[in-house]
Amino acid sequence: MLLYRGEYFRATHSDFYHQTPTEHPISLQQARDLVTTAHPKFSPAWVSNDGGVIAVGDPDFAEAYAVDPGTGHINGSTRLESGVMGFLANLHDCGLTCDGYPGYVSWLAKPVPTIGFAWPPGTNWGLLLVVVLWLLMVLLAITGIVVWWPDFRRFSHGFRVRTGKGRFARDYDLHTVIGIVAVPFVLMWGVTGAAFYLPPVKDAWLAVTGGTAADPQKYSFTANAAAPGTREIGIDRAAAAALAETPGEIRYLTTPQDGYYSVSIASEGYQPYGARAFFGGDHTVYVDSHDATHVSDVDAKPEAGANSFYDKVFEPAHFAGSSAAGGGPSGSSSASRRWR
């Protein structure tokens, strides 16, 4: 169900997505300023193009306002993770430990005690349970292949369904065929799910598939020192600088943190994280908040084929990657909860 989270959100929030056709839409900066002026107690931390409107959200990824880009009218605000989908997201992403989400269980959010070694930062009982379940999925996939694997002379037998040998033979064959067809998906969900919270799992997968260990500094960026009193370049100049570096559609832009903007761009409409509204894109571009010429597209750097496959295909498949513009999470809110 979570794979359709973005579509479900848009279908159930029609007023939020009201838009007026225009040849001169307002900019991302203008949308943010309109929300800040109308709601001074609201703290905007990101803007996003989604479903024809401009969303302006808070630092916790919990609430967002929608602005009609044709008129500048604020359509209203909404909670991003509420109701049934919010509960499922809490269960799936956090093991019911995301405070503020439906279904939060306080005792699951307690830290796991050390037992002779240090757990990754932020480890609690809920996240530990989630990781164990992901790893069990990997084990299920591997043992399933081992049990199923026939010798090469009878390889085709692994995909046959005997319909004239009685109900037991038919059902056994159906179990076997459906199981082996499901293995790639179970393996993908198990590996990528565990790796979100336990990075060594990704490194192990890359080692097995011929890649190199993930660079822990890949998503790092150091802004240039700015003279005291230097004004920030602003959202619109940051967006323009990012698009000059990597053409496409801006899906998501965060206001400066540690001296730079983070811009998620869907190049040629490709969104690898198609299950979430607001977030997503296949390129992350950093722009110095005081120098529009200091830009870095971290996803444009060359890497091994196995690494590229993992980042562009394998991991995005977990989120039902899509080529249609208008949906997708980069790991936005999920990333803020990862064990890193």
# chains A, B, ... in the order shown; residues from 1 in each chain; ligands from 1
$ select_by_dssp --residues "stretch 131-333 of chain A" --states "alpha helix (DSSP H)" --output "ChimeraX atom specification"
/A:131-148,167-197,199-208,235-245,305-309,315-317,332-333
$ write_last_selection --atoms "C-alpha atoms" --output "PDB file, in the first residue's frame"
ATOM      1  CA  VAL A 131      16.363  -4.427  10.557  1.00  0.00           C
ATOM      2  CA  VAL A 132      16.067  -8.005  11.817  1.00  0.00           C
ATOM      3  CA  LEU A 133      12.958  -8.492   9.672  1.00  0.00           C
ATOM      4  CA  TRP A 134      14.752  -7.093   6.597  1.00  0.00           C
ATOM      5  CA  LEU A 135      17.691  -9.450   7.173  1.00  0.00           C
ATOM      6  CA  LEU A 136      15.304 -12.383   7.554  1.00  0.00           C
ATOM      7  CA  MET A 137      13.882 -11.476   4.138  1.00  0.00           C
ATOM      8  CA  VAL A 138      17.394 -11.736   2.684  1.00  0.00           C
ATOM      9  CA  LEU A 139      17.838 -15.128   4.355  1.00  0.00           C
ATOM     10  CA  LEU A 140      14.457 -16.247   3.020  1.00  0.00           C
ATOM     11  CA  ALA A 141      15.446 -15.298  -0.527  1.00  0.00           C
ATOM     12  CA  ILE A 142      18.836 -17.020  -0.389  1.00  0.00           C
ATOM     13  CA  THR A 143      17.547 -20.248   1.165  1.00  0.00           C
ATOM     14  CA  GLY A 144      14.650 -20.209  -1.269  1.00  0.00           C
ATOM     15  CA  ILE A 145      17.055 -20.224  -4.205  1.00  0.00           C
ATOM     16  CA  VAL A 146      19.116 -23.027  -2.648  1.00  0.00           C
ATOM     17  CA  VAL A 147      16.060 -25.217  -2.012  1.00  0.00           C
ATOM     18  CA  TRP A 148      14.580 -24.528  -5.455  1.00  0.00           C
ATOM     19  CA  ARG A 167      -4.013 -31.291  -6.558  1.00  0.00           C
ATOM     20  CA  PHE A 168      -0.928 -31.813  -4.388  1.00  0.00           C
ATOM     21  CA  ALA A 169       1.468 -31.785  -7.370  1.00  0.00           C
ATOM     22  CA  ARG A 170      -0.253 -28.744  -8.854  1.00  0.00           C
ATOM     23  CA  ASP A 171      -0.189 -26.757  -5.615  1.00  0.00           C
ATOM     24  CA  TYR A 172       3.412 -27.754  -4.878  1.00  0.00           C
ATOM     25  CA  ASP A 173       4.497 -26.576  -8.341  1.00  0.00           C
ATOM     26  CA  LEU A 174       2.549 -23.328  -7.985  1.00  0.00           C
ATOM     27  CA  HIS A 175       4.260 -22.722  -4.637  1.00  0.00           C
ATOM     28  CA  THR A 176       7.655 -23.365  -6.227  1.00  0.00           C
ATOM     29  CA  VAL A 177       7.125 -21.193  -9.306  1.00  0.00           C
ATOM     30  CA  ILE A 178       5.531 -18.275  -7.471  1.00  0.00           C
ATOM     31  CA  GLY A 179       8.267 -18.468  -4.840  1.00  0.00           C
ATOM     32  CA  ILE A 180      11.162 -18.309  -7.283  1.00  0.00           C
ATOM     33  CA  VAL A 181       9.523 -15.491  -9.267  1.00  0.00           C
ATOM     34  CA  ALA A 182       9.148 -13.555  -6.000  1.00  0.00           C
ATOM     35  CA  VAL A 183      12.778 -14.090  -4.958  1.00  0.00           C
ATOM     36  CA  PRO A 184      14.249 -11.053  -6.823  1.00  0.00           C
ATOM     37  CA  PHE A 185      11.684  -8.771  -5.158  1.00  0.00           C
ATOM     38  CA  VAL A 186      12.135 -10.290  -1.695  1.00  0.00           C
ATOM     39  CA  LEU A 187      15.915 -10.001  -2.050  1.00  0.00           C
ATOM     40  CA  MET A 188      15.688  -6.400  -3.263  1.00  0.00           C
ATOM     41  CA  TRP A 189      13.361  -5.335  -0.442  1.00  0.00           C
ATOM     42  CA  GLY A 190      15.421  -7.184   2.163  1.00  0.00           C
ATOM     43  CA  VAL A 191      18.824  -5.831   1.134  1.00  0.00           C
ATOM     44  CA  THR A 192      17.776  -2.234   0.492  1.00  0.00           C
ATOM     45  CA  GLY A 193      15.517  -2.099   3.552  1.00  0.00           C
ATOM     46  CA  ALA A 194      18.246  -3.271   5.897  1.00  0.00           C
ATOM     47  CA  ALA A 195      20.833  -1.030   4.215  1.00  0.00           C
ATOM     48  CA  PHE A 196      18.813   2.129   4.897  1.00  0.00           C
ATOM     49  CA  TYR A 197      19.462   1.675   8.587  1.00  0.00           C
ATOM     50  CA  PRO A 199      25.010   0.756   5.862  1.00  0.00           C
ATOM     51  CA  PRO A 200      27.352  -2.290   6.112  1.00  0.00           C
ATOM     52  CA  VAL A 201      24.596  -4.316   4.447  1.00  0.00           C
ATOM     53  CA  LYS A 202      24.959  -2.162   1.329  1.00  0.00           C
ATOM     54  CA  ASP A 203      28.735  -2.532   1.413  1.00  0.00           C
ATOM     55  CA  ALA A 204      28.375  -6.321   1.657  1.00  0.00           C
ATOM     56  CA  TRP A 205      26.011  -6.375  -1.333  1.00  0.00           C
ATOM     57  CA  LEU A 206      28.361  -4.210  -3.391  1.00  0.00           C
ATOM     58  CA  ALA A 207      31.299  -6.457  -2.502  1.00  0.00           C
ATOM     59  CA  VAL A 208      29.392  -9.534  -3.676  1.00  0.00           C
ATOM     60  CA  ILE A 235      16.163  30.014  -3.235  1.00  0.00           C
ATOM     61  CA  ASP A 236      15.623  31.133  -6.821  1.00  0.00           C
ATOM     62  CA  ARG A 237      19.309  31.730  -7.569  1.00  0.00           C
ATOM     63  CA  ALA A 238      20.170  28.428  -5.909  1.00  0.00           C
ATOM     64  CA  ALA A 239      17.557  26.675  -8.045  1.00  0.00           C
ATOM     65  CA  ALA A 240      18.881  28.320 -11.210  1.00  0.00           C
ATOM     66  CA  ALA A 241      22.466  27.343 -10.351  1.00  0.00           C
ATOM     67  CA  ALA A 242      21.422  23.736  -9.710  1.00  0.00           C
ATOM     68  CA  LEU A 243      19.528  23.534 -13.017  1.00  0.00           C
ATOM     69  CA  ALA A 244      22.489  25.020 -14.867  1.00  0.00           C
ATOM     70  CA  GLU A 245      24.593  22.206 -13.431  1.00  0.00           C
ATOM     71  CA  GLY A 305      28.795  -0.251 -12.494  1.00  0.00           C
ATOM     72  CA  ALA A 306      27.512  -2.239  -9.509  1.00  0.00           C
ATOM     73  CA  ASN A 307      27.339   0.946  -7.439  1.00  0.00           C
ATOM     74  CA  SER A 308      25.477   2.774 -10.192  1.00  0.00           C
ATOM     75  CA  PHE A 309      23.009  -0.110 -10.530  1.00  0.00           C
ATOM     76  CA  GLU A 315      17.430   0.897  -4.250  1.00  0.00           C
ATOM     77  CA  PRO A 316      14.847   3.004  -6.146  1.00  0.00           C
ATOM     78  CA  ALA A 317      12.906  -0.200  -6.905  1.00  0.00           C
ATOM     79  CA  SER A 332      13.990  12.780   2.780  1.00  0.00           C
ATOM     80  CA  SER A 333      12.094  11.999   5.950  1.00  0.00           C
TER      81      SER A 333
END
$ select_by_dssp --residues "stretch 95-318 of chain A" --states "strand (DSSP E or B)" --output "PyMOL selection string"
chain A and resi 111+124+249-257+260-266+271+283-288+291-297
$ write_last_selection --atoms "N, CA, C and O atoms" --output "short mmCIF file (atom, residue, chain, number, x, y, z; two decimals), in the first residue's frame"
data_model
loop_
_atom_site.label_atom_id
_atom_site.label_comp_id
_atom_site.auth_asym_id
_atom_site.auth_seq_id
_atom_site.Cartn_x
_atom_site.Cartn_y
_atom_site.Cartn_z
N PRO A 111 16.24 3.23 23.77
CA PRO A 111 17.51 2.75 23.21
C PRO A 111 17.78 1.30 23.59
O PRO A 111 17.45 0.86 24.68
N ASN A 124 17.04 1.89 18.45
CA ASN A 124 16.05 1.59 19.46
C ASN A 124 15.42 0.24 19.13
O ASN A 124 15.75 -0.39 18.12
N GLU A 249 13.84 18.88 -13.71
CA GLU A 249 12.78 19.50 -12.92
C GLU A 249 13.16 19.46 -11.45
O GLU A 249 13.54 18.41 -10.94
N ILE A 250 13.07 20.61 -10.79
CA ILE A 250 13.35 20.64 -9.36
C ILE A 250 12.19 20.00 -8.62
O ILE A 250 11.03 20.42 -8.74
N ARG A 251 12.49 18.95 -7.87
CA ARG A 251 11.47 18.27 -7.11
C ARG A 251 11.43 18.75 -5.67
O ARG A 251 10.37 18.81 -5.05
N TYR A 252 12.61 19.12 -5.15
CA TYR A 252 12.69 19.35 -3.72
C TYR A 252 13.93 20.18 -3.43
O TYR A 252 15.00 19.91 -3.99
N LEU A 253 13.78 21.21 -2.62
CA LEU A 253 14.91 22.09 -2.30
C LEU A 253 14.83 22.45 -0.83
O LEU A 253 13.79 22.90 -0.34
N THR A 254 15.93 22.23 -0.12
CA THR A 254 15.98 22.59 1.29
C THR A 254 16.71 23.91 1.46
O THR A 254 17.67 24.21 0.74
N THR A 255 16.26 24.69 2.42
CA THR A 255 16.92 25.95 2.73
C THR A 255 18.27 25.65 3.36
O THR A 255 18.52 24.54 3.82
N PRO A 256 19.17 26.64 3.40
CA PRO A 256 20.56 26.36 3.79
C PRO A 256 20.72 25.66 5.13
O PRO A 256 20.14 26.06 6.14
N GLN A 257 21.50 24.60 5.09
CA GLN A 257 21.95 23.91 6.29
C GLN A 257 23.46 23.73 6.15
O GLN A 257 23.93 23.24 5.14
N TYR A 260 24.78 25.62 2.79
CA TYR A 260 24.47 25.31 1.39
C TYR A 260 23.04 24.82 1.23
O TYR A 260 22.41 24.34 2.17
N TYR A 261 22.53 24.99 0.02
CA TYR A 261 21.22 24.48 -0.36
C TYR A 261 21.39 23.05 -0.90
O TYR A 261 22.39 22.74 -1.55
N SER A 262 20.41 22.22 -0.65
CA SER A 262 20.37 20.88 -1.24
C SER A 262 19.18 20.84 -2.20
O SER A 262 18.04 21.11 -1.80
N VAL A 263 19.45 20.49 -3.45
CA VAL A 263 18.42 20.52 -4.49
C VAL A 263 18.30 19.14 -5.11
O VAL A 263 19.29 18.58 -5.60
N SER A 264 17.10 18.58 -5.09
CA SER A 264 16.85 17.29 -5.73
C SER A 264 16.21 17.54 -7.10
O SER A 264 15.18 18.21 -7.20
N ILE A 265 16.85 17.00 -8.14
CA ILE A 265 16.41 17.25 -9.52
C ILE A 265 16.04 15.94 -10.20
O ILE A 265 16.79 14.96 -10.12
N ALA A 266 14.89 15.93 -10.85
CA ALA A 266 14.49 14.80 -11.68
C ALA A 266 14.95 15.11 -13.11
O ALA A 266 14.32 15.91 -13.80
N GLN A 271 12.08 9.90 -11.68
CA GLN A 271 12.01 9.99 -10.23
C GLN A 271 12.18 8.60 -9.65
O GLN A 271 11.27 7.79 -9.72
N HIS A 283 19.10 13.18 -9.05
CA HIS A 283 20.34 13.93 -8.85
C HIS A 283 20.19 14.85 -7.64
O HIS A 283 19.20 15.56 -7.51
N THR A 284 21.19 14.82 -6.77
CA THR A 284 21.26 15.75 -5.65
C THR A 284 22.36 16.76 -5.93
O THR A 284 23.51 16.38 -6.14
N VAL A 285 21.98 18.03 -5.96
CA VAL A 285 22.92 19.10 -6.28
C VAL A 285 23.03 20.03 -5.07
O VAL A 285 22.02 20.48 -4.53
N TYR A 286 24.27 20.31 -4.66
CA TYR A 286 24.51 21.23 -3.55
C TYR A 286 24.97 22.57 -4.12
O TYR A 286 25.79 22.62 -5.03
N VAL A 287 24.43 23.64 -3.55
CA VAL A 287 24.76 25.00 -3.99
C VAL A 287 25.16 25.82 -2.77
O VAL A 287 24.39 25.91 -1.79
N ASP A 288 26.33 26.41 -2.83
CA ASP A 288 26.81 27.27 -1.74
C ASP A 288 25.81 28.40 -1.52
O ASP A 288 25.37 29.06 -2.45
N ASP A 291 27.52 31.62 -2.71
CA ASP A 291 28.27 31.64 -3.97
C ASP A 291 27.60 30.69 -4.96
O ASP A 291 27.76 29.47 -4.88
N ALA A 292 26.84 31.25 -5.90
CA ALA A 292 26.09 30.44 -6.86
C ALA A 292 26.98 29.71 -7.85
O ALA A 292 26.50 28.85 -8.59
N THR A 293 28.26 30.03 -7.87
CA THR A 293 29.17 29.33 -8.77
C THR A 293 29.79 28.10 -8.12
O THR A 293 30.43 27.29 -8.79
N HIS A 294 29.63 27.99 -6.82
CA HIS A 294 30.17 26.83 -6.08
C HIS A 294 29.07 25.78 -5.98
O HIS A 294 28.20 25.84 -5.09
N VAL A 295 29.10 24.82 -6.91
CA VAL A 295 28.01 23.84 -7.07
C VAL A 295 28.62 22.45 -7.19
O VAL A 295 29.70 22.28 -7.76
N SER A 296 27.89 21.43 -6.69
CA SER A 296 28.35 20.06 -6.83
C SER A 296 27.15 19.13 -7.03
O SER A 296 26.22 19.11 -6.22
N ASP A 297 27.18 18.38 -8.14
CA ASP A 297 26.19 17.33 -8.39
C ASP A 297 26.81 16.02 -7.92
O ASP A 297 27.63 15.43 -8.62
#
$ closest_residue --among "A:Trp46, A:Ser106, A:Asp93, A:Asp99" --to "A:Leu127" --atoms "only C-alpha atoms"
A:Asp93
$ atom_distance --atom1 "atom CA of A:Gly95" --atom2 "atom CA of A:Lys110"
11.8 Å
